file protein_17.txt (compact mmCIF, C-alpha atoms)
# COMPACT_ATOMS: atom_id res chain seq x y z
CA MET A 12 -37.13 147.95 46.67
CA LYS A 13 -33.63 149.25 47.30
CA THR A 14 -32.92 149.12 43.57
CA SER A 15 -36.08 151.04 42.73
CA LEU A 16 -35.28 153.62 45.41
CA THR A 17 -31.79 154.10 43.97
CA ILE A 18 -33.21 154.49 40.45
CA CYS A 19 -35.67 157.14 41.69
CA LEU A 20 -32.91 159.13 43.39
CA CYS A 21 -30.70 159.00 40.28
CA SER A 22 -33.54 160.15 38.03
CA LEU A 23 -34.33 163.07 40.34
CA ALA A 24 -30.66 164.08 40.40
CA LEU A 25 -30.56 164.05 36.59
CA ALA A 26 -33.74 166.14 36.43
CA LEU A 27 -32.31 168.75 38.79
CA ALA A 28 -29.06 168.86 36.81
CA SER A 29 -30.97 169.44 33.55
CA LEU A 30 -32.92 172.26 35.17
CA ALA A 31 -29.72 173.90 36.37
CA GLN A 32 -28.15 173.85 32.89
CA SER A 33 -30.40 176.42 31.25
CA PRO A 34 -29.14 178.09 28.04
CA ALA A 35 -28.39 181.80 28.20
CA PRO A 36 -30.69 183.99 26.09
CA PRO A 37 -29.11 185.55 22.97
CA GLN A 38 -28.07 189.15 23.44
CA ALA A 39 -28.80 191.79 20.84
CA PRO A 40 -25.80 193.83 19.57
CA PRO A 41 -25.49 197.35 20.98
CA PRO A 42 -26.69 200.28 18.83
CA GLY A 43 -24.09 201.45 16.35
CA ALA A 44 -22.02 198.28 16.45
CA PRO A 45 -21.14 196.76 13.06
CA PRO A 46 -22.95 193.50 12.32
CA GLN A 47 -20.80 190.39 12.70
CA ALA A 48 -22.44 188.36 9.97
CA ALA A 49 -24.63 189.47 7.10
CA SER A 50 -28.14 188.16 7.02
CA PRO A 51 -29.46 186.46 3.88
CA GLY A 52 -31.64 189.46 3.03
CA ALA A 53 -29.01 192.14 3.70
CA PRO A 54 -27.71 194.31 0.78
CA ALA A 55 -24.35 193.52 -0.73
CA ALA A 56 -21.29 195.39 0.48
CA VAL A 57 -20.01 198.30 -1.61
CA ASN A 58 -16.64 197.76 -3.28
CA PRO A 59 -14.34 200.70 -2.51
CA ALA A 60 -12.49 200.26 -5.84
CA ALA A 61 -15.65 200.66 -7.92
CA PRO A 62 -16.28 204.12 -9.42
CA ALA A 63 -18.77 206.22 -7.58
CA GLN A 64 -22.13 206.48 -9.27
CA LEU A 65 -23.63 209.87 -9.38
CA PRO A 66 -27.28 210.36 -8.52
CA THR A 67 -29.64 210.45 -11.44
CA THR A 68 -31.42 213.77 -12.03
CA ASN A 69 -33.80 215.16 -14.63
CA LEU A 70 -31.85 218.40 -15.16
CA PRO A 71 -30.17 218.97 -18.52
CA PRO A 72 -26.39 219.04 -18.64
CA GLY A 73 -24.94 222.39 -17.88
CA ALA A 74 -27.91 223.57 -15.90
CA PRO A 75 -27.34 224.95 -12.44
CA GLY A 76 -27.44 222.15 -9.97
CA ALA A 77 -26.92 219.42 -12.58
CA PRO A 78 -24.10 216.97 -11.86
CA ALA A 79 -20.95 217.29 -13.87
CA PRO A 80 -20.18 214.58 -16.37
CA PRO A 81 -17.37 212.16 -15.55
CA GLY A 82 -13.97 213.63 -16.24
CA ALA A 83 -15.19 217.23 -16.40
CA ALA A 84 -13.40 219.83 -14.36
CA ILE A 85 -15.32 221.38 -11.57
CA SER A 86 -15.01 225.11 -11.36
CA PRO A 87 -14.67 226.67 -7.97
CA ALA A 88 -17.67 228.38 -6.58
CA ALA A 89 -18.10 232.06 -7.11
CA PRO A 90 -17.09 234.32 -4.31
CA GLY A 91 -19.83 234.99 -1.90
CA ALA A 92 -21.83 232.04 -3.03
CA THR A 93 -23.15 229.86 -0.34
CA VAL A 94 -23.30 226.12 -0.87
CA THR A 95 -26.03 224.42 1.12
CA ALA A 96 -25.98 220.64 1.40
CA THR A 97 -28.89 218.75 2.77
CA LEU A 98 -28.04 215.38 4.20
CA SER A 99 -30.89 212.97 4.52
CA PRO A 100 -30.60 210.38 7.29
CA ALA A 101 -29.81 206.87 6.21
CA PRO A 102 -32.90 204.67 6.14
CA THR A 103 -33.00 202.23 8.97
CA ALA A 104 -34.16 198.73 8.31
CA ALA A 105 -37.25 197.78 10.22
CA GLN A 106 -36.59 194.93 12.56
CA SER A 107 -38.93 192.04 11.93
CA PRO A 108 -40.45 190.17 14.86
CA SER A 109 -38.70 186.97 13.78
CA ALA A 110 -35.30 188.65 13.90
CA ALA A 111 -35.82 189.80 17.49
CA ALA A 112 -34.17 187.67 20.10
CA GLU A 113 -36.72 185.46 21.76
CA PRO A 114 -36.14 184.63 25.43
CA SER A 115 -35.44 180.96 26.02
CA GLY A 116 -37.92 179.07 28.13
CA GLY A 117 -41.56 179.81 28.59
CA LEU A 118 -44.01 179.66 31.43
CA VAL A 119 -43.02 176.10 32.27
CA GLY A 120 -39.44 176.35 31.07
CA SER A 121 -36.36 175.75 33.15
CA ASN A 122 -35.53 179.46 33.25
CA TRP A 123 -38.91 180.23 34.77
CA LEU A 124 -38.56 177.53 37.41
CA ILE A 125 -35.05 178.57 38.36
CA ASP A 126 -36.05 182.24 38.48
CA LYS A 127 -38.97 181.50 40.81
CA PHE A 128 -36.75 179.27 42.91
CA HIS A 129 -34.23 182.09 43.44
CA LYS A 130 -37.00 184.60 44.15
CA GLY A 131 -38.36 182.32 46.86
CA GLY A 132 -35.40 183.03 49.11
CA PRO A 133 -33.10 180.70 51.07
CA ILE A 134 -36.02 178.78 52.56
CA MET A 135 -36.57 177.22 49.12
CA TRP A 136 -33.59 174.87 49.63
CA PRO A 137 -35.19 173.00 52.56
CA ILE A 138 -38.46 172.94 50.62
CA LEU A 139 -36.61 171.43 47.64
CA ILE A 140 -35.10 168.70 49.84
CA VAL A 141 -38.52 167.93 51.31
CA SER A 142 -40.05 167.68 47.83
CA ILE A 143 -37.32 165.30 46.62
CA ILE A 144 -37.75 163.04 49.64
CA GLY A 145 -41.54 163.05 49.30
CA LEU A 146 -41.44 162.22 45.58
CA THR A 147 -38.94 159.41 46.16
CA VAL A 148 -41.05 157.85 48.93
CA VAL A 149 -44.23 158.04 46.84
CA ILE A 150 -42.58 156.37 43.84
CA GLU A 151 -41.06 153.62 46.03
CA ARG A 152 -44.40 152.89 47.73
CA ILE A 153 -46.18 152.75 44.38
CA PHE A 154 -43.70 150.15 43.14
CA TRP A 155 -44.03 148.13 46.38
CA TRP A 156 -47.83 148.04 46.39
CA THR A 157 -47.91 147.21 42.67
CA ALA A 158 -45.57 144.27 43.25
CA ARG A 159 -47.67 143.13 46.20
CA TRP A 160 -50.78 143.21 44.04
CA PHE A 161 -49.11 140.81 41.61
CA ARG A 162 -48.01 138.58 44.53
CA ARG A 163 -51.55 138.00 45.79
CA ASP A 164 -52.74 134.39 45.49
CA PRO A 165 -56.30 134.02 46.86
CA LYS A 166 -56.82 130.63 45.21
CA ARG A 167 -53.91 129.11 47.11
CA ILE A 168 -55.28 130.56 50.35
CA GLU A 169 -58.57 128.73 49.73
CA LYS A 170 -56.67 125.50 49.05
CA VAL A 171 -54.76 125.88 52.33
CA PHE A 172 -58.00 126.36 54.29
CA THR A 173 -59.53 123.34 52.54
CA ALA A 174 -56.53 121.18 53.45
CA ILE A 175 -56.71 122.32 57.10
CA GLU A 176 -60.44 121.58 57.22
CA ASN A 177 -59.77 118.08 55.91
CA GLY A 178 -57.14 117.58 58.58
CA ASP A 179 -54.16 117.45 56.20
CA LEU A 180 -51.79 119.89 57.91
CA THR A 181 -48.79 118.61 55.95
CA GLU A 182 -50.42 119.51 52.65
CA ALA A 183 -51.47 122.91 54.03
CA SER A 184 -47.89 123.66 55.11
CA LYS A 185 -46.57 122.55 51.72
CA LEU A 186 -49.01 124.82 49.86
CA SER A 187 -48.18 127.89 51.94
CA ARG A 188 -44.40 127.40 51.90
CA GLY A 189 -42.35 129.57 49.53
CA SER A 190 -45.22 131.94 48.73
CA ARG A 191 -44.71 135.70 48.46
CA ASP A 192 -48.25 136.48 49.57
CA PRO A 193 -48.12 138.05 53.07
CA VAL A 194 -51.23 136.12 54.19
CA LEU A 195 -49.73 132.79 53.13
CA ARG A 196 -46.42 133.64 54.77
CA MET A 197 -48.21 134.33 58.04
CA MET A 198 -50.18 131.08 57.77
CA TRP A 199 -47.03 129.06 57.06
CA ASN A 200 -45.36 130.56 60.11
CA GLY A 201 -48.35 129.65 62.26
CA LEU A 202 -48.58 126.07 60.95
CA ASN A 203 -44.89 125.44 61.63
CA HIS A 204 -45.03 126.81 65.21
CA GLN A 205 -48.48 125.64 66.29
CA HIS A 206 -47.07 123.20 68.85
CA ALA A 207 -45.21 125.97 70.68
CA SER A 208 -47.53 128.99 70.44
CA LEU A 209 -49.88 129.36 67.50
CA GLN A 210 -51.22 132.75 68.49
CA GLY A 211 -47.76 134.15 69.21
CA ALA A 212 -46.38 132.92 65.88
CA LEU A 213 -49.29 134.46 63.98
CA GLN A 214 -48.91 137.78 65.78
CA VAL A 215 -45.18 137.97 65.07
CA ALA A 216 -45.63 137.13 61.38
CA ALA A 217 -48.52 139.58 61.01
CA GLY A 218 -46.50 142.34 62.70
CA ILE A 219 -43.62 141.81 60.27
CA GLU A 220 -45.94 142.07 57.26
CA ILE A 221 -47.67 145.20 58.57
CA LYS A 222 -44.30 146.83 59.26
CA ARG A 223 -43.20 146.17 55.69
CA ALA A 224 -46.43 147.61 54.33
CA GLY A 225 -46.26 150.72 56.53
CA ARG A 226 -42.64 151.54 55.81
CA PHE A 227 -41.94 155.24 55.14
CA LEU A 228 -45.46 156.25 56.20
CA VAL A 229 -43.94 158.10 59.14
CA VAL A 230 -41.72 160.00 56.69
CA MET A 231 -44.72 160.99 54.58
CA ASP A 232 -46.66 162.05 57.66
CA THR A 233 -43.72 164.23 58.71
CA LEU A 234 -43.47 165.79 55.24
CA VAL A 235 -47.18 166.61 55.16
CA THR A 236 -46.74 168.56 58.40
CA LEU A 237 -43.29 169.99 57.69
CA ALA A 238 -43.87 171.42 54.20
CA PRO A 239 -46.55 174.00 55.22
CA LEU A 240 -44.45 175.01 58.21
CA LEU A 241 -41.47 175.67 55.93
CA GLY A 242 -43.74 177.71 53.64
CA LEU A 243 -44.94 179.71 56.64
CA LEU A 244 -41.34 180.29 57.68
CA GLY A 245 -40.61 181.58 54.17
CA THR A 246 -43.58 183.94 54.51
CA ILE A 247 -42.20 185.36 57.75
CA THR A 248 -38.69 185.83 56.35
CA GLY A 249 -40.07 187.49 53.21
CA LEU A 250 -42.14 189.94 55.24
CA ILE A 251 -39.17 190.71 57.47
CA ARG A 252 -37.13 191.47 54.39
CA SER A 253 -39.88 193.74 53.04
CA PHE A 254 -40.25 195.77 56.21
CA SER A 255 -36.49 196.13 56.62
CA PHE A 256 -36.34 198.34 53.49
CA LEU A 257 -39.21 200.64 54.32
CA GLY A 258 -36.89 203.35 55.66
CA ASN A 259 -35.10 203.81 52.31
CA GLU A 260 -37.38 205.70 49.95
CA GLU A 261 -35.31 204.92 46.83
CA LEU A 262 -35.37 201.14 47.20
CA ALA A 263 -38.59 200.81 49.19
CA VAL A 264 -40.95 199.84 46.34
CA GLN A 265 -38.64 197.31 44.70
CA ALA A 266 -37.55 195.73 47.98
CA VAL A 267 -41.07 195.47 49.38
CA THR A 268 -42.41 193.82 46.23
CA GLY A 269 -39.45 191.41 46.18
CA GLY A 270 -40.05 190.42 49.80
CA ILE A 271 -43.76 189.86 49.22
CA ALA A 272 -42.97 187.73 46.17
CA GLU A 273 -40.56 185.66 48.27
CA ALA A 274 -43.24 185.12 50.92
CA LEU A 275 -45.89 184.07 48.41
CA ILE A 276 -43.60 181.72 46.46
CA ALA A 277 -42.40 179.93 49.60
CA THR A 278 -45.96 179.56 50.90
CA ALA A 279 -47.24 178.22 47.58
CA CYS A 280 -44.43 175.67 47.32
CA GLY A 281 -44.94 174.45 50.89
CA LEU A 282 -48.69 174.02 50.43
CA GLY A 283 -48.19 172.32 47.06
CA ILE A 284 -45.83 169.74 48.53
CA ALA A 285 -48.20 169.07 51.44
CA ILE A 286 -51.15 168.56 49.06
CA PHE A 287 -49.05 166.33 46.83
CA ALA A 288 -47.95 164.12 49.76
CA LEU A 289 -51.31 164.05 51.57
CA ILE A 290 -53.25 162.12 48.93
CA PRO A 291 -50.73 159.23 48.58
CA PHE A 292 -50.29 159.15 52.37
CA ASN A 293 -54.02 158.61 52.94
CA PHE A 294 -54.15 156.02 50.14
CA PHE A 295 -51.21 154.01 51.50
CA THR A 296 -52.61 154.23 55.04
CA SER A 297 -55.90 152.76 53.84
CA ARG A 298 -54.03 149.94 52.08
CA VAL A 299 -52.16 149.11 55.28
CA SER A 300 -55.45 149.02 57.17
CA ASN A 301 -56.92 146.63 54.59
CA LEU A 302 -53.88 144.37 54.81
CA GLU A 303 -54.11 144.34 58.60
CA PHE A 304 -57.77 143.31 58.38
CA GLU A 305 -56.93 140.50 55.95
CA LEU A 306 -54.18 139.20 58.21
CA GLN A 307 -56.41 139.28 61.27
CA THR A 308 -59.21 137.47 59.43
CA ALA A 309 -56.89 134.75 58.13
CA ALA A 310 -55.26 134.32 61.56
CA THR A 311 -58.65 133.98 63.26
CA ASN A 312 -59.86 131.41 60.73
CA LEU A 313 -56.64 129.45 61.12
CA GLU A 314 -56.92 129.41 64.90
CA VAL A 315 -60.56 128.28 64.77
CA MET A 316 -59.84 125.48 62.29
CA LEU A 317 -56.77 124.20 64.13
CA GLY A 318 -58.65 124.41 67.42
CA ALA A 319 -61.47 122.34 65.96
CA GLN A 320 -58.99 119.76 64.64
CA THR A 321 -57.33 119.54 68.05
CA ALA A 322 -60.66 119.12 69.82
CA ALA A 323 -61.67 116.37 67.39
CA ARG A 324 -58.45 114.46 68.05
CA GLU A 325 -58.87 114.77 71.81
CA MET A 326 -62.41 113.44 71.62
CA GLU A 327 -61.27 110.52 69.46
CA ILE A 328 -58.56 109.69 71.95
CA ALA A 329 -61.04 109.95 74.85
CA GLY A 330 -63.43 107.58 73.08
CA GLY A 331 -65.90 110.15 71.75
CA THR A 332 -67.71 109.84 68.40
CA PRO A 333 -65.79 111.28 65.40
CA SER A 334 -68.96 112.89 64.07
CA SER A 335 -69.23 115.16 67.08
CA GLY A 336 -65.68 116.39 66.47
CA LYS A 337 -66.32 117.02 62.82
CA GLY A 338 -69.49 118.88 63.53
CA ALA A 339 -67.64 121.38 65.69
CA SER A 340 -65.39 122.42 62.81
CA ILE A 341 -66.12 125.63 60.94

call {"tool": "encode", "arguments": {"input": "protein_17.txt", "output": "structure tokens"}}
result
Amino acid sequence: MKTSLTICLCSLALALASLAQSPAPPQAPPPGAPPQAASPGAPAAVNPAAPAQLPTTNLPPGAPGAPAPPGAAISPAAPGATVTATLSPAPTAAQSPSAAAEPSGGLVGSNWLIDKFHKGGPIMWPILIVSIIGLTVVIERIFWWTARWFRRDPKRIEKVFTAIENGDLTEASKLSRGSRDPVLRMMWNGLNHQHASLQGALQVAAGIEIKRAGRFLVVMDTLVTLAPLLGLLGTITGLIRSFSFLGNEELAVQAVTGGIAEALIATACGLGIAIFALIPFNFFTSRVSNLEFELQTAATNLEVMLGAQTAAREMEIAGGTPSSGKGASI
């Protein structure tokens, strides 16, 4: 169980580290800045050494407004003439939706989780610690109860009871020795200490098994109660932060909404952790109760059978009939 607990803690640490390393979203270049790299669909660059191409017009050569042929001398404008040039703005390329920078992370992405965590305020750190502890305890208990389910051996328990009923205590002790079933371990402890105190030996062994099964249940019970209280504390701190900015009219709206968001996020996280820990806590508590009932039933049957065997021997020693002793056995 210690190995599984260590593995759970390491996996949680790796998960938190991966959430913290979120990639930064790509930034768009500022307006007017030259592009760093040409896109595949961009037009080719103009060579400065190439001769300038004149615009094509439908006017005949020599007409007013027609471009001069290459190499022709341009006469100066007549005095008093006014030259009017109309500059058309350069066409801007429409930005396609695919070229726009998409923010990294979605609704369940690491950026969203980290952003909500920071908006929850400083009370989110204790809530995070509580959630890690609760998840670790739940995983460890699941592994323990799964292993116990594979360790159950009801057929051997029936064989032990059959051997005790037949009066073969040596065979019963041999069958129950070395077993990993908690019921068989308790029975072996009782058979080996029946001459000193059978009931005391059974109670001690049963208490050890129940303590192993109920380990960390106190921690889960504390987390179920502590998580909503931490969420309520986050609600109070968020409301205090909201009301502290009401005097400033410029920052009142933004500060109040931020404080209310902090209160709601902390409350939601606290209630979520409590709900998550409550269901496994009730399940594990019921399993411990079932194990306690099984141990009590096996201990009672063992005491009755050994008591009947002892009474039969006493009657045989006293000169009584063996049949009367056997008839008292259950």

call {"tool": "closest_atom_pairs", "arguments": {"input": "protein_17.txt", "of": "segment 159-188 of chain A", "to": "segment 290-310 of chain A", "cutoff": "12 Å", "atoms": "only C-alpha atoms", "output": "CSV"}}
result
residue,atom,partner,partner_atom,distance
A:Arg159,CA,A:Leu302,CA,10.7
A:Trp160,CA,A:Arg298,CA,11.0
A:Arg163,CA,A:Leu302,CA,11.3
A:Pro165,CA,A:Glu305,CA,11.2
A:Ile168,CA,A:Ala309,CA,9.0
A:Glu169,CA,A:Ala309,CA,10.5
A:Val171,CA,A:Ala309,CA,10.8
A:Phe172,CA,A:Ala309,CA,9.3

call {"tool": "closest_residue", "arguments": {"input": "protein_17.txt", "among": "A:Thr181, A:Glu325, A:Ser142, A:Leu195", "to": "Asp164 of chain A", "atoms": "all atoms listed in the file"}}
result
A:Leu195

call {"tool": "residues_around", "arguments": {"input": "protein_17.txt", "residues": "segment 130-137 of chain A", "least_positions_apart": "2", "cutoff": "10 Å", "atoms": "only C-alpha atoms", "output": "VMD selection string"}}
result
chain A and resid 124 to 128 139 to 143 238 241 to 246 248 to 249 269 to 281

call {"tool": "residues_around", "arguments": {"input": "protein_17.txt", "residues": "Arg196 of chain A", "least_positions_apart": "6", "cutoff": "9 Å", "atoms": "only C-alpha atoms", "output": "list in words"}}
result
Ser187, Arg188, Gly189, Ser190, Ala216, Ala217 and Glu220 of chain A

call {"tool": "closest_residue", "arguments": {"input": "protein_17.txt", "among": "A:Arg152, A:His204, A:Lys170, A:Arg162", "to": "Ala183 of chain A", "atoms": "only C-alpha atoms"}}
result
A:Lys170

call {"tool": "closest_residue", "arguments": {"input": "protein_17.txt", "among": "A:Thr236, A:Gln320, A:Ser253, A:Met231", "to": "Val148 of chain A", "atoms": "only C-alpha atoms"}}
result
A:Met231

call {"tool": "atom_distance", "arguments": {"input": "protein_17.txt", "atom1": "atom CA of Trp199 of chain A", "atom2": "atom CA of Ser184 of chain A"}}
result
5.8 Å
